[in-house]
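Colleague: You'll find run.cif just under this line, and it carries mmCIF, C-alpha atoms and all ligand atoms.
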```cif
data_protein
#
loop_
_atom_site.label_atom_id
_atom_site.label_comp_id
_atom_site.auth_asym_id
_atom_site.auth_seq_id
_atom_site.Cartn_x
_atom_site.Cartn_y
_atom_site.Cartn_z
CA MET A 202 -9.24 107.97 154.82
CA THR A 203 -11.20 106.00 157.41
CA GLU A 204 -13.49 104.02 155.11
CA ALA A 205 -13.93 100.31 155.92
CA MET A 206 -12.24 97.82 153.64
CA PRO A 207 -10.32 100.02 151.23
CA ALA A 208 -8.62 98.22 148.38
CA GLU A 209 -5.03 97.08 148.53
CA ALA A 210 -2.61 97.61 145.64
CA ASP A 211 -3.72 95.40 142.73
CA ALA A 212 -1.56 92.44 141.72
CA VAL A 213 -2.15 93.55 138.11
CA PRO A 214 -1.46 97.30 137.78
CA PHE A 215 -4.34 99.46 136.51
CA LEU A 216 -4.62 99.41 132.68
CA SER A 217 -1.77 96.91 132.28
CA ASN A 218 -4.24 94.20 131.21
CA ILE A 219 -6.79 95.03 128.50
CA GLY A 220 -9.48 92.68 127.18
CA LEU A 221 -10.45 92.40 123.53
CA LEU A 222 -13.83 90.91 122.67
CA MET A 223 -12.94 89.13 119.42
CA THR A 224 -16.41 87.96 118.43
CA TYR A 225 -19.98 87.53 119.63
CA LYS A 226 -20.13 84.15 117.89
CA CYS A 227 -20.17 81.01 120.02
CA GLN A 228 -21.24 77.42 119.38
CA VAL A 229 -23.21 77.47 122.62
CA THR A 230 -26.03 79.77 123.84
CA CYS A 231 -25.48 79.63 127.60
CA PRO A 232 -28.20 81.32 129.67
CA HIS A 233 -25.66 83.15 131.86
CA CYS A 234 -23.64 84.61 128.96
CA ILE A 235 -23.37 88.35 129.68
CA VAL A 236 -22.69 89.28 126.04
CA GLN A 237 -25.55 87.12 124.73
CA ALA A 238 -23.26 85.23 122.35
CA ASN A 239 -24.72 82.61 120.03
CA PRO A 240 -23.90 80.83 116.74
CA HIS A 241 -25.93 83.30 114.65
CA ARG A 242 -24.30 86.54 115.73
CA LYS A 243 -22.09 88.19 113.13
CA GLU A 244 -20.17 90.93 114.94
CA GLN A 245 -16.43 90.39 115.30
CA VAL A 246 -13.27 92.50 115.19
CA HIS A 247 -12.03 93.50 111.75
CA PRO A 248 -8.28 93.10 111.07
CA ASP A 249 -8.08 96.59 109.46
CA GLU A 250 -9.23 98.16 112.71
CA VAL A 251 -7.99 95.82 115.39
CA PHE A 252 -4.32 95.93 114.40
CA GLY A 253 -4.41 99.74 114.71
CA TRP A 254 -6.01 99.47 118.15
CA ILE A 255 -3.36 96.99 119.32
CA LYS A 256 -0.58 99.25 118.04
CA GLN A 257 -2.09 102.17 119.98
CA LEU A 258 -2.41 99.97 123.08
CA ARG A 259 1.28 99.21 122.95
CA ALA A 260 2.16 102.86 122.41
CA TYR A 261 0.15 104.06 125.44
CA ARG A 262 2.60 105.58 127.94
CA ASP A 263 5.38 103.77 126.11
CA GLY A 264 4.48 100.19 127.02
CA TRP A 265 2.17 100.61 130.06
CA VAL A 266 -0.19 97.91 128.72
CA ARG A 267 1.47 94.49 129.10
CA ILE A 268 -1.27 91.92 128.51
CA ILE A 269 -4.08 91.58 125.99
CA ALA A 270 -6.80 89.10 127.00
CA LEU A 271 -8.72 87.72 124.01
CA THR A 272 -12.28 86.84 124.81
CA GLY A 273 -15.72 86.54 123.24
CA GLY A 274 -18.14 84.89 122.49
CA GLU A 275 -15.72 82.14 121.61
CA PRO A 276 -12.38 83.53 120.32
CA PHE A 277 -11.44 80.08 118.90
CA PHE A 278 -14.54 80.21 116.63
CA ASP A 279 -12.40 81.69 113.82
CA LEU A 280 -8.93 80.20 114.30
CA GLY A 281 -7.43 82.20 111.40
CA LEU A 282 -8.53 85.51 112.92
CA LEU A 283 -7.44 84.42 116.40
CA ARG A 284 -3.99 83.47 115.16
CA ALA A 285 -3.58 86.70 113.18
CA VAL A 286 -4.58 88.91 116.13
CA ALA A 287 -2.54 86.93 118.67
CA GLU A 288 0.59 87.00 116.49
CA TYR A 289 0.21 90.71 115.78
CA ALA A 290 -0.19 91.50 119.49
CA GLN A 291 2.77 89.31 120.41
CA GLY A 292 4.82 91.00 117.68
CA CYS A 293 3.99 94.34 119.36
CA GLY A 294 5.46 93.00 122.60
CA LEU A 295 2.22 92.15 124.41
CA THR A 296 1.60 88.95 126.37
CA VAL A 297 -1.46 87.28 124.87
CA THR A 298 -4.00 85.26 126.85
CA ALA A 299 -7.26 83.71 125.62
CA VAL A 300 -10.40 82.26 127.11
CA THR A 301 -12.20 79.34 125.48
CA ASN A 302 -14.95 76.79 125.99
CA ALA A 303 -12.65 74.07 124.52
CA PHE A 304 -15.11 73.04 121.79
CA TRP A 305 -12.05 72.41 119.58
CA ALA A 306 -10.50 69.90 122.04
CA SER A 307 -12.52 66.83 121.00
CA SER A 308 -9.35 64.73 121.35
CA VAL A 309 -5.91 65.35 122.86
CA GLU A 310 -4.31 65.04 119.41
CA LYS A 311 -6.64 67.62 117.91
CA ALA A 312 -6.16 69.96 120.87
CA VAL A 313 -2.36 69.72 120.57
CA ARG A 314 -2.65 70.51 116.85
CA VAL A 315 -4.74 73.63 117.57
CA LEU A 316 -2.44 74.90 120.33
CA SER A 317 0.64 74.22 118.18
CA GLU A 318 -0.84 76.64 115.61
CA LEU A 319 -1.38 79.26 118.31
CA THR A 320 2.08 79.71 119.78
CA ALA A 321 1.46 83.44 120.32
CA ILE A 322 -1.11 82.64 123.02
CA SER A 323 0.86 82.12 126.20
CA ASN A 324 -1.92 81.48 128.76
CA ILE A 325 -5.31 79.82 128.35
CA ALA A 326 -8.45 80.01 130.48
CA PHE A 327 -10.93 77.16 129.92
CA SER A 328 -14.56 77.92 130.81
CA THR A 329 -16.90 75.20 131.94
CA ASP A 330 -20.07 74.82 133.99
CA VAL A 331 -23.42 73.07 133.85
CA TYR A 332 -24.59 75.32 130.99
CA HIS A 333 -21.53 74.78 128.79
CA GLN A 334 -21.74 71.06 129.38
CA VAL A 335 -25.08 70.83 127.62
CA ALA A 336 -23.08 71.20 124.37
CA ILE A 337 -19.41 70.73 125.34
CA PRO A 338 -18.54 67.74 127.53
CA LEU A 339 -16.04 67.93 130.38
CA GLU A 340 -13.93 65.51 128.33
CA ASN A 341 -13.02 68.47 126.09
CA ILE A 342 -11.68 70.37 129.11
CA ARG A 343 -9.63 67.33 130.07
CA ASN A 344 -8.24 67.12 126.50
CA GLY A 345 -7.53 70.86 126.48
CA VAL A 346 -5.72 70.64 129.81
CA MET A 347 -3.60 67.70 128.62
CA ALA A 348 -2.76 69.56 125.41
CA ALA A 349 -1.89 72.75 127.33
CA THR A 350 0.39 70.69 129.57
CA LEU A 351 2.05 68.98 126.59
CA CYS A 352 2.49 72.35 124.85
CA ARG A 353 3.79 73.93 128.08
CA ARG A 354 1.04 76.51 128.14
CA PRO A 355 -0.09 77.69 131.62
CA TYR A 356 -3.86 77.35 132.07
CA VAL A 357 -6.73 77.88 134.49
CA ILE A 358 -10.23 76.43 134.45
CA SER A 359 -12.99 78.87 135.30
CA VAL A 360 -16.22 77.36 136.63
CA CYS A 361 -19.29 79.57 136.69
CA THR A 362 -22.06 79.09 139.26
CA ALA A 363 -24.72 81.11 141.07
CA THR A 364 -23.45 79.78 144.39
CA LYS A 365 -20.57 77.61 145.58
CA ARG A 366 -23.09 75.43 147.44
CA ASP A 367 -24.73 74.32 144.21
CA GLU A 368 -24.54 70.51 143.91
CA ALA A 369 -23.96 70.53 140.15
CA TYR A 370 -21.07 73.01 140.58
CA LEU A 371 -19.53 70.89 143.34
CA ALA A 372 -19.82 67.79 141.14
CA ILE A 373 -17.96 69.53 138.32
CA VAL A 374 -15.18 70.62 140.68
CA ARG A 375 -14.87 67.01 141.92
CA GLN A 376 -14.56 65.81 138.32
CA LEU A 377 -11.96 68.48 137.49
CA ARG A 378 -9.88 67.40 140.48
CA GLU A 379 -9.48 64.00 138.80
CA PHE A 380 -7.14 65.57 136.25
CA THR A 381 -5.99 68.89 137.69
CA ASP A 382 -5.43 70.54 141.07
CA ASP A 383 -7.16 73.34 142.97
CA ASP A 384 -4.53 75.89 141.93
CA HIS A 385 -5.85 75.59 138.38
CA ILE A 386 -9.55 75.91 139.27
CA GLN A 387 -11.24 79.31 139.68
CA THR A 388 -14.87 80.04 140.49
CA ALA A 389 -16.84 82.81 138.79
CA ILE A 390 -20.20 83.90 140.19
CA ALA A 391 -22.90 84.13 137.49
CA LEU A 392 -25.31 86.99 138.10
CA PRO A 393 -29.04 87.11 137.26
CA MET A 394 -28.70 89.84 134.63
CA GLY A 395 -29.33 90.15 130.91
CA ARG A 396 -30.23 86.76 129.40
CA ALA A 397 -29.34 85.16 132.73
CA ALA A 398 -32.04 87.15 134.56
CA GLN A 399 -34.78 84.87 133.22
CA GLU A 400 -32.81 81.65 133.63
CA LEU A 401 -31.06 82.04 136.97
CA GLY A 402 -33.53 84.05 139.05
CA TRP A 403 -32.67 85.24 142.57
CA LYS A 404 -33.59 82.10 144.49
CA ALA A 405 -30.15 80.56 144.10
CA TYR A 406 -28.37 83.46 145.82
CA GLU A 407 -27.68 84.40 149.40
CA THR A 408 -28.93 87.96 149.75
CA ALA A 409 -28.48 90.78 152.27
CA ALA A 410 -30.08 94.14 152.99
CA GLU A 411 -26.70 95.89 152.63
CA PRO A 412 -24.22 95.69 149.73
CA PRO A 413 -20.96 93.74 150.25
CA ARG A 414 -18.21 96.06 151.51
CA SER A 415 -15.34 94.99 149.27
CA ALA A 416 -13.47 97.14 146.79
CA CYS A 417 -13.25 96.12 143.13
CA THR A 418 -9.99 94.48 142.08
CA SER A 419 -11.21 93.26 138.68
CA SER A 420 -11.64 96.38 136.62
CA SER A 421 -9.62 95.65 133.46
CA PRO A 422 -11.05 97.53 130.47
CA ILE A 423 -12.39 95.66 127.48
CA ILE A 424 -12.55 96.72 123.82
CA PHE A 425 -15.61 95.73 121.78
CA PRO A 426 -15.67 95.00 118.03
CA ASP A 427 -17.52 98.31 117.47
CA GLY A 428 -14.73 100.27 119.18
CA ARG A 429 -16.41 100.90 122.55
CA VAL A 430 -14.14 100.61 125.58
CA VAL A 431 -15.79 99.69 128.90
CA ALA A 432 -14.00 99.77 132.26
CA CYS A 433 -14.48 96.11 133.15
CA ILE A 434 -15.30 92.76 131.70
CA GLY A 435 -18.07 92.14 134.24
CA PRO A 436 -21.83 92.53 133.80
CA LEU A 437 -21.50 96.20 132.78
CA ILE A 438 -20.54 95.10 129.29
CA GLU A 439 -24.13 94.24 128.48
CA LEU A 440 -25.35 97.80 129.23
CA THR A 441 -26.33 99.69 126.09
CA THR A 442 -27.08 103.02 127.79
CA PRO A 443 -24.32 105.57 128.63
CA HIS A 444 -22.79 105.37 132.13
CA PRO A 445 -19.62 106.66 133.85
CA LEU A 446 -17.70 103.41 133.28
CA LEU A 447 -18.14 103.58 129.50
CA LEU A 448 -14.64 104.89 128.84
CA GLY A 449 -14.84 105.88 125.17
CA ASP A 450 -15.15 104.92 121.52
CA LEU A 451 -12.09 104.05 119.43
CA ARG A 452 -13.90 105.09 116.26
CA ARG A 453 -14.05 108.67 117.58
CA GLU A 454 -10.84 109.08 119.57
CA SER A 455 -7.49 107.43 120.16
CA MET A 456 -6.66 104.70 122.65
CA GLY A 457 -4.29 107.11 124.37
CA GLU A 458 -7.04 109.70 124.94
CA ILE A 459 -9.44 107.05 126.28
CA LEU A 460 -6.95 105.41 128.64
CA GLU A 461 -5.62 108.75 129.88
CA ARG A 462 -9.17 109.86 130.72
CA ALA A 463 -9.68 106.51 132.54
CA GLN A 464 -6.74 107.41 134.80
CA ALA A 465 -8.88 110.23 136.24
CA ASN A 466 -12.32 108.57 136.14
CA THR A 467 -13.70 109.45 139.59
CA ILE A 468 -16.50 106.84 139.73
CA LEU A 469 -14.28 104.02 138.47
CA HIS A 470 -11.59 104.79 141.04
CA MET A 471 -14.10 105.21 143.87
CA ILE A 472 -15.24 101.66 143.06
CA ARG A 473 -11.62 100.49 142.96
CA VAL A 474 -10.60 102.22 146.19
CA TRP A 475 -13.71 101.74 148.39
CA GLY A 476 -16.14 99.57 146.40
CA PRO A 477 -19.67 100.26 145.09
CA HIS A 478 -21.01 100.35 148.67
CA LYS A 479 -19.38 103.80 149.03
CA LEU A 480 -21.58 105.05 146.19
CA VAL A 481 -24.63 103.46 147.83
CA THR A 482 -23.91 105.51 150.98
CA LEU A 483 -23.62 108.75 148.99
CA ILE A 484 -26.82 107.95 147.08
CA ARG A 485 -28.70 107.43 150.36
CA ASP A 486 -27.23 110.67 151.77
CA ALA A 487 -28.51 112.49 148.68
CA GLY A 488 -32.06 111.24 149.34
CA LEU A 489 -32.09 108.84 146.38
CA GLY A 490 -32.31 105.65 148.43
CA GLY A 491 -35.66 104.80 146.80
CA TYR A 492 -33.78 103.90 143.60
CA LEU A 493 -31.52 101.38 145.37
CA PRO A 494 -32.23 97.64 145.37
CA GLU A 495 -34.14 96.12 148.27
CA GLN A 496 -31.67 93.25 148.42
CA TYR A 497 -28.09 92.64 147.37
CA ILE A 498 -26.32 89.45 146.34
CA ALA A 499 -24.03 88.76 149.28
CA SER A 500 -21.23 87.20 147.23
CA SER A 501 -20.90 89.81 144.48
CA ILE A 502 -20.12 93.52 144.46
CA CYS A 503 -20.77 93.52 140.70
CA GLN A 504 -24.55 93.25 141.19
CA THR A 505 -24.46 96.53 143.18
CA CYS A 506 -22.29 98.16 140.52
CA TYR A 507 -24.59 96.96 137.73
CA HIS A 508 -27.69 98.26 139.48
CA LEU A 509 -26.17 101.71 140.05
CA LEU A 510 -25.03 102.04 136.44
CA SER A 511 -28.20 100.74 134.83
CA THR A 512 -30.69 102.93 136.79
CA PRO A 513 -31.05 106.29 134.97
CA PRO A 514 -31.59 108.58 138.04
CA LEU A 515 -28.55 106.99 139.73
CA VAL A 516 -26.47 107.35 136.56
CA SER A 517 -27.36 111.08 136.52
CA PHE A 518 -26.35 111.41 140.17
CA LEU A 519 -23.04 109.59 139.60
CA THR A 520 -22.30 111.62 136.46
CA GLU A 521 -22.66 114.80 138.53
CA LEU A 522 -20.66 113.34 141.42
CA ALA A 523 -17.81 112.62 138.99
CA GLN A 524 -17.54 116.38 138.31
CA ASP A 525 -17.36 117.33 142.00
CA PRO A 526 -13.83 118.71 142.63
CA THR A 527 -13.85 117.57 146.28
CA TRP A 528 -14.62 113.96 145.33
CA GLN A 529 -12.15 114.13 142.46
CA ARG A 530 -9.38 115.14 144.86
CA THR A 531 -10.46 112.71 147.60
CA THR A 532 -10.53 109.85 145.12
CA ALA A 533 -7.16 110.83 143.64
CA TYR A 534 -5.71 110.85 147.16
CA GLY A 535 -7.35 107.49 147.99
CA ARG A 536 -5.98 106.01 144.81
CA ALA A 537 -2.46 107.19 145.61
CA TYR A 538 -2.65 106.20 149.29
CA TYR A 539 -4.36 102.80 149.13
CA LEU A 540 -3.42 101.61 145.65
CA GLU A 541 -0.04 103.35 145.33
CA GLU A 542 -1.20 104.90 142.04
CA PRO A 543 -0.27 108.61 141.81
CA GLU A 544 -1.52 109.08 138.24
CA MET A 545 -4.85 110.74 139.12
CA MET A 546 -3.18 113.17 141.52
CA GLU A 547 -0.65 114.01 138.81
CA GLN A 548 -3.42 114.65 136.28
CA LEU A 549 -5.36 116.86 138.70
CA GLY A 550 -2.20 118.67 139.77
CA VAL A 551 -2.78 118.03 143.49
S1 LIG B 601 -17.46 95.93 140.77
FE1 LIG B 601 -18.15 97.03 138.93
S2 LIG B 601 -16.26 97.72 137.93
FE2 LIG B 601 -15.71 96.08 139.36
S3 LIG B 601 -15.72 94.18 138.13
FE3 LIG B 601 -17.75 94.39 139.14
S4 LIG B 601 -19.03 95.42 137.62
FE4 LIG B 601 -16.90 95.74 137.02
#
```
Can the structure from this file be put into structure tokens for me?
Modeller:
Amino acid sequence: MTEAMPAEADAVPFLSNIGLLMTYKCQVTCPHCIVQANPHRKEQVHPDEVFGWIKQLRAYRDGWVRIIALTGGEPFFDLGLLRAVAEYAQGCGLTVTAVTNAFWASSVEKAVRVLSELTAISNIAFSTDVYHQVAIPLENIRNGVMAATLCRRPYVISVCTATKRDEAYLAIVRQLREFTDDDHIQTAIALPMGRAAQELGWKAYETAAEPPRSACTSSSPIIFPDGRVVACIGPLIELTTPHPLLLGDLRRESMGEILERAQANTILHMIRVWGPHKLVTLIRDAGLGGYLPEQYIASSICQTCYHLLSTPPLVSFLTELAQDPTWQRTTAYGRAYYLEEPEMMEQLGV
């Protein structure tokens, strides 16, 4: 393999961390929300189904999955459901993490009360940014952080922005530093897609004529309330049309079948080993360059990935590419060599 910038072995092994979208409900209607959550949405996981899915997760390859990440919408919207799911997952031996906008942390006392009820959740990610703050003040994040500290719960604060040069983003980071340190602050790049396409626009981004050349290190699958499993929790989750990173449907097949097939998903592992730019090169070589974007967001490989998987002629090309035995073997070898993951080679018998 001579490709530029192949991936290195992930800190979190493939499929060891699975997301669960608990609900599409949220108190806020942020413009950059990739799942288009809002207070009026009704869809959420049902205990009858979700406990079975968690049990199957734990059974996959006898404990391969270690972490379940509860997300939404706002998973704390229904505290009873959150507690039931978190306790069930913990009882199955999974580490449980949750992301929240901290709407429930209106005072330190209240936040401590909530966290004391949720002992099964061992790590918390607080989300904040200029959009959240329209409805949820930074004071709630401060209260949540103090409560997490008092309850000895590790936490991070994720701040979403179109660009790290944005003044409002920088102001939030300065305010966060008044009560936490940089090790607890992460930045997430919001992309102009879905509902965010109208609100964010492209002007805020640094763009380039070529896609960024990084590999994807963030592809942890996520389960939706309707049973769909998608390969990552990034912008792909808002796609409603079929694409190669739609891994399966838990209402039609078992978790084991879906995750085992993911182990040999050629397109997913090409993105993990070399990055979406590799697919862009193959698309150009196949004479399909006219379907590629004219510009790419310099700071995000996900925009490239989203474009490829939401453009029907490119989806057809990638679906065919995934069946090509040479690329299957090359990808399996790349996965074993660069990521130290032999599972695809084992499945293909090479
Ligand atoms: S590069 Fe693609 S697979 Fe990876 S996190 Fe981004 S959208 Fe998901």
Colleague: Any idea what's packed within 7 Å of region 515-523 of chain A, counting all atoms listed in the file, ignoring anything in its chain fewer than 6 positions away? Could you give it as a list in words?
Modeller: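 The residues satisfying every condition are His444, Pro445, Thr467, Ile468, Leu509 and Gln529 of chain A.
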Colleague: Excluding Leu351 (chain A) and residues on its chain fewer than 2 positions from it, collect all residues at most 12 Å away from it, counting only C-alpha atoms, and give them as a PDB file with C-alpha atoms, keeping the file's coordinate frame.
Modeller:
```pdb
ATOM      1  CA  VAL A 309      -5.910  65.350 122.860  1.00  0.00           C
ATOM      2  CA  GLU A 310      -4.310  65.040 119.410  1.00  0.00           C
ATOM      3  CA  ALA A 312      -6.160  69.960 120.870  1.00  0.00           C
ATOM      4  CA  VAL A 313      -2.360  69.720 120.570  1.00  0.00           C
ATOM      5  CA  ARG A 314      -2.650  70.510 116.850  1.00  0.00           C
ATOM      6  CA  LEU A 316      -2.440  74.900 120.330  1.00  0.00           C
ATOM      7  CA  SER A 317       0.640  74.220 118.180  1.00  0.00           C
ATOM      8  CA  ASN A 344      -8.240  67.120 126.500  1.00  0.00           C
ATOM      9  CA  GLY A 345      -7.530  70.860 126.480  1.00  0.00           C
ATOM     10  CA  VAL A 346      -5.720  70.640 129.810  1.00  0.00           C
ATOM     11  CA  MET A 347      -3.600  67.700 128.620  1.00  0.00           C
ATOM     12  CA  ALA A 348      -2.760  69.560 125.410  1.00  0.00           C
ATOM     13  CA  ALA A 349      -1.890  72.750 127.330  1.00  0.00           C
ATOM     14  CA  ARG A 353       3.790  73.930 128.080  1.00  0.00           C
ATOM     15  CA  ARG A 354       1.040  76.510 128.140  1.00  0.00           C
ATOM     16  CA  PRO A 355      -0.090  77.690 131.620  1.00  0.00           C
ATOM     17  CA  TYR A 356      -3.860  77.350 132.070  1.00  0.00           C
TER      18      TYR A 356
END
```
Colleague: Using only C-alpha atoms and all ligand atoms, which residue out of A:Glu547, A:Glu454, A:Glu407, A:Glu439 lies closest to ligand LIG 601 (chain B)?
Modeller: A:Glu439
Colleague: Rounded to one decimal, what separation in Å do you get between CA of Lys311 (chain A) and CA of Asn341 (chain A)?
Modeller: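 Distance between the two atoms: 10.4 Å.
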Colleague: Using only C-alpha atoms and all ligand atoms, find each residue in chain A having at least one atom no more than 9 Å away from ligand LIG 601 (chain B); report its shortest atom-to-atom pair and that distance in Å (one decimal), rows by chain then rising number, as CSV.
Modeller:
```
residue,atom,partner,partner_atom,distance
A:Ser415,CA,B:LIG601,S1,8.8
A:Ala416,CA,B:LIG601,S1,7.3
A:Cys417,CA,B:LIG601,FE2,4.5
A:Thr418,CA,B:LIG601,FE2,6.5
A:Ser419,CA,B:LIG601,S3,4.6
A:Ser420,CA,B:LIG601,S3,4.9
A:Ser421,CA,B:LIG601,S3,7.8
A:Pro422,CA,B:LIG601,FE4,9.0
A:Ala432,CA,B:LIG601,S2,6.4
A:Cys433,CA,B:LIG601,FE4,4.6
A:Ile434,CA,B:LIG601,FE4,6.3
A:Gly435,CA,B:LIG601,FE4,4.7
A:Pro436,CA,B:LIG601,S4,5.5
A:Leu437,CA,B:LIG601,S4,5.5
A:Ile438,CA,B:LIG601,S4,8.5
A:Leu446,CA,B:LIG601,S2,7.5
A:Leu469,CA,B:LIG601,S2,6.6
A:Ile472,CA,B:LIG601,S2,6.5
A:Arg473,CA,B:LIG601,FE2,7.0
A:Gly476,CA,B:LIG601,S1,6.8
A:Pro477,CA,B:LIG601,S1,6.5
A:Ser501,CA,B:LIG601,FE3,7.7
A:Ile502,CA,B:LIG601,S1,5.1
A:Cys503,CA,B:LIG601,FE3,3.5
A:Gln504,CA,B:LIG601,S4,6.9
A:Thr505,CA,B:LIG601,S1,7.4
A:Cys506,CA,B:LIG601,FE1,4.6
A:Tyr507,CA,B:LIG601,S4,5.8
A:Leu510,CA,B:LIG601,FE1,8.9
```
Colleague: Quick one: residues within 9 Å of Ala238 (chain A), all atoms listed in the file, excluding same-chain residues fewer than 2 positions away - as a ChimeraX atom specification?
Modeller: /A:224-231,234-236,240-242,273-275
Colleague: Just to confirm, what's the straight-line distance from CA of Ala363 (chain A) to CA of Arg375 (chain A) in Å (one decimal)?
Modeller: 17.2 Å
Colleague: Could you check how far CA of Met456 (chain A) sits from CA of Val474 (chain A), in Å to one decimal?
Modeller: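 Answer for the CA of Met456 (chain A) to CA of Val474 (chain A) separation: 24.0 Å.
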Colleague: With a distance cut-off of 10 Å and only C-alpha atoms, select the neighbouring residues of Val297 (chain A), excluding the residue or stretch itself and same-chain residues fewer than 4 positions from it, and output the selection as a VMD selection string.
Modeller: chain A and resid 218 220 267 to 271 286 to 291 320 to 325
Colleague: May I have the residues within 8 Å of Ala409 (chain A) as a list of chain:residue names, using all atoms listed in the file and disregarding those fewer than 3 positions away in the same chain?
Modeller: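 Once the nearby chain positions are removed, what remains is A:Pro412, A:Gln496, A:Tyr497, A:Ile498, A:Ala499.
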Colleague: Using all atoms listed in the file, can you list as a PDB file with C-alpha atoms, keeping the file's coordinate frame the residues within 8 Å of (-29.9, 105.5, 129.7)?
Modeller:
```pdb
ATOM      1  CA  THR A 441     -26.330  99.690 126.090  1.00  0.00           C
ATOM      2  CA  THR A 442     -27.080 103.020 127.790  1.00  0.00           C
ATOM      3  CA  PRO A 443     -24.320 105.570 128.630  1.00  0.00           C
ATOM      4  CA  HIS A 444     -22.790 105.370 132.130  1.00  0.00           C
ATOM      5  CA  SER A 511     -28.200 100.740 134.830  1.00  0.00           C
ATOM      6  CA  THR A 512     -30.690 102.930 136.790  1.00  0.00           C
ATOM      7  CA  PRO A 513     -31.050 106.290 134.970  1.00  0.00           C
ATOM      8  CA  VAL A 516     -26.470 107.350 136.560  1.00  0.00           C
TER       9      VAL A 516
END
```
Colleague: Select all residues near (-14.5, 77.5, 126.4) (cut-off 10 Å, inclusive, file coordinates), counting all atoms listed in the file, and output them as a compact mmCIF listing (two decimals) with C-alpha atoms, keeping the file's coordinate frame.
Modeller:
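So result.txt came out as:
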```txt
# COMPACT_ATOMS: atom_id res chain seq x y z
CA CYS A 227 -20.17 81.01 120.02
CA GLN A 228 -21.24 77.42 119.38
CA VAL A 229 -23.21 77.47 122.62
CA THR A 272 -12.28 86.84 124.81
CA GLY A 273 -15.72 86.54 123.24
CA GLY A 274 -18.14 84.89 122.49
CA GLU A 275 -15.72 82.14 121.61
CA PRO A 276 -12.38 83.53 120.32
CA PHE A 277 -11.44 80.08 118.90
CA ALA A 299 -7.26 83.71 125.62
CA VAL A 300 -10.40 82.26 127.11
CA THR A 301 -12.20 79.34 125.48
CA ASN A 302 -14.95 76.79 125.99
CA ALA A 303 -12.65 74.07 124.52
CA PHE A 304 -15.11 73.04 121.79
CA TRP A 305 -12.05 72.41 119.58
CA ALA A 306 -10.50 69.90 122.04
CA ILE A 325 -5.31 79.82 128.35
CA ALA A 326 -8.45 80.01 130.48
CA PHE A 327 -10.93 77.16 129.92
CA SER A 328 -14.56 77.92 130.81
CA THR A 329 -16.90 75.20 131.94
CA ASP A 330 -20.07 74.82 133.99
CA HIS A 333 -21.53 74.78 128.79
CA ILE A 337 -19.41 70.73 125.34
CA ASN A 341 -13.02 68.47 126.09
CA ILE A 342 -11.68 70.37 129.11
CA GLY A 345 -7.53 70.86 126.48
CA ILE A 358 -10.23 76.43 134.45
CA SER A 359 -12.99 78.87 135.30
```
Colleague: For Cys361 (chain A), which residue among A:Gly550, A:Gly535, A:Pro232, A:Gly490 is the nearest when counting only C-alpha atoms?
Modeller: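 Going through A:Gly550, A:Gly535, A:Pro232, A:Gly490 one by one, the smallest distance to Cys361 (chain A) is for A:Pro232.
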Colleague: Can you work out which one of A:Thr350, A:Cys293, A:Ala465, A:Lys479 has the shortest atom-to-atom distance to Ala537 (chain A), counting all atoms listed in the file?
Modeller: A:Ala465
Colleague: Smallest atom-to-atom distance to Met545 (chain A): which of A:Leu489, A:Ala410, A:Leu460, A:Leu483, using only C-alpha atoms?
Modeller: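 Closest to Met545 (chain A), using only C-alpha atoms: A:Leu460.
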Colleague: Find the residue from A:Arg343, A:Arg536, A:Lys404, A:His478 that sits nearest to Gln376 (chain A); use all atoms listed in the file when measuring.
Modeller: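 Using all atoms listed in the file, the shortest distance to Gln376 (chain A) belongs to A:Arg343.
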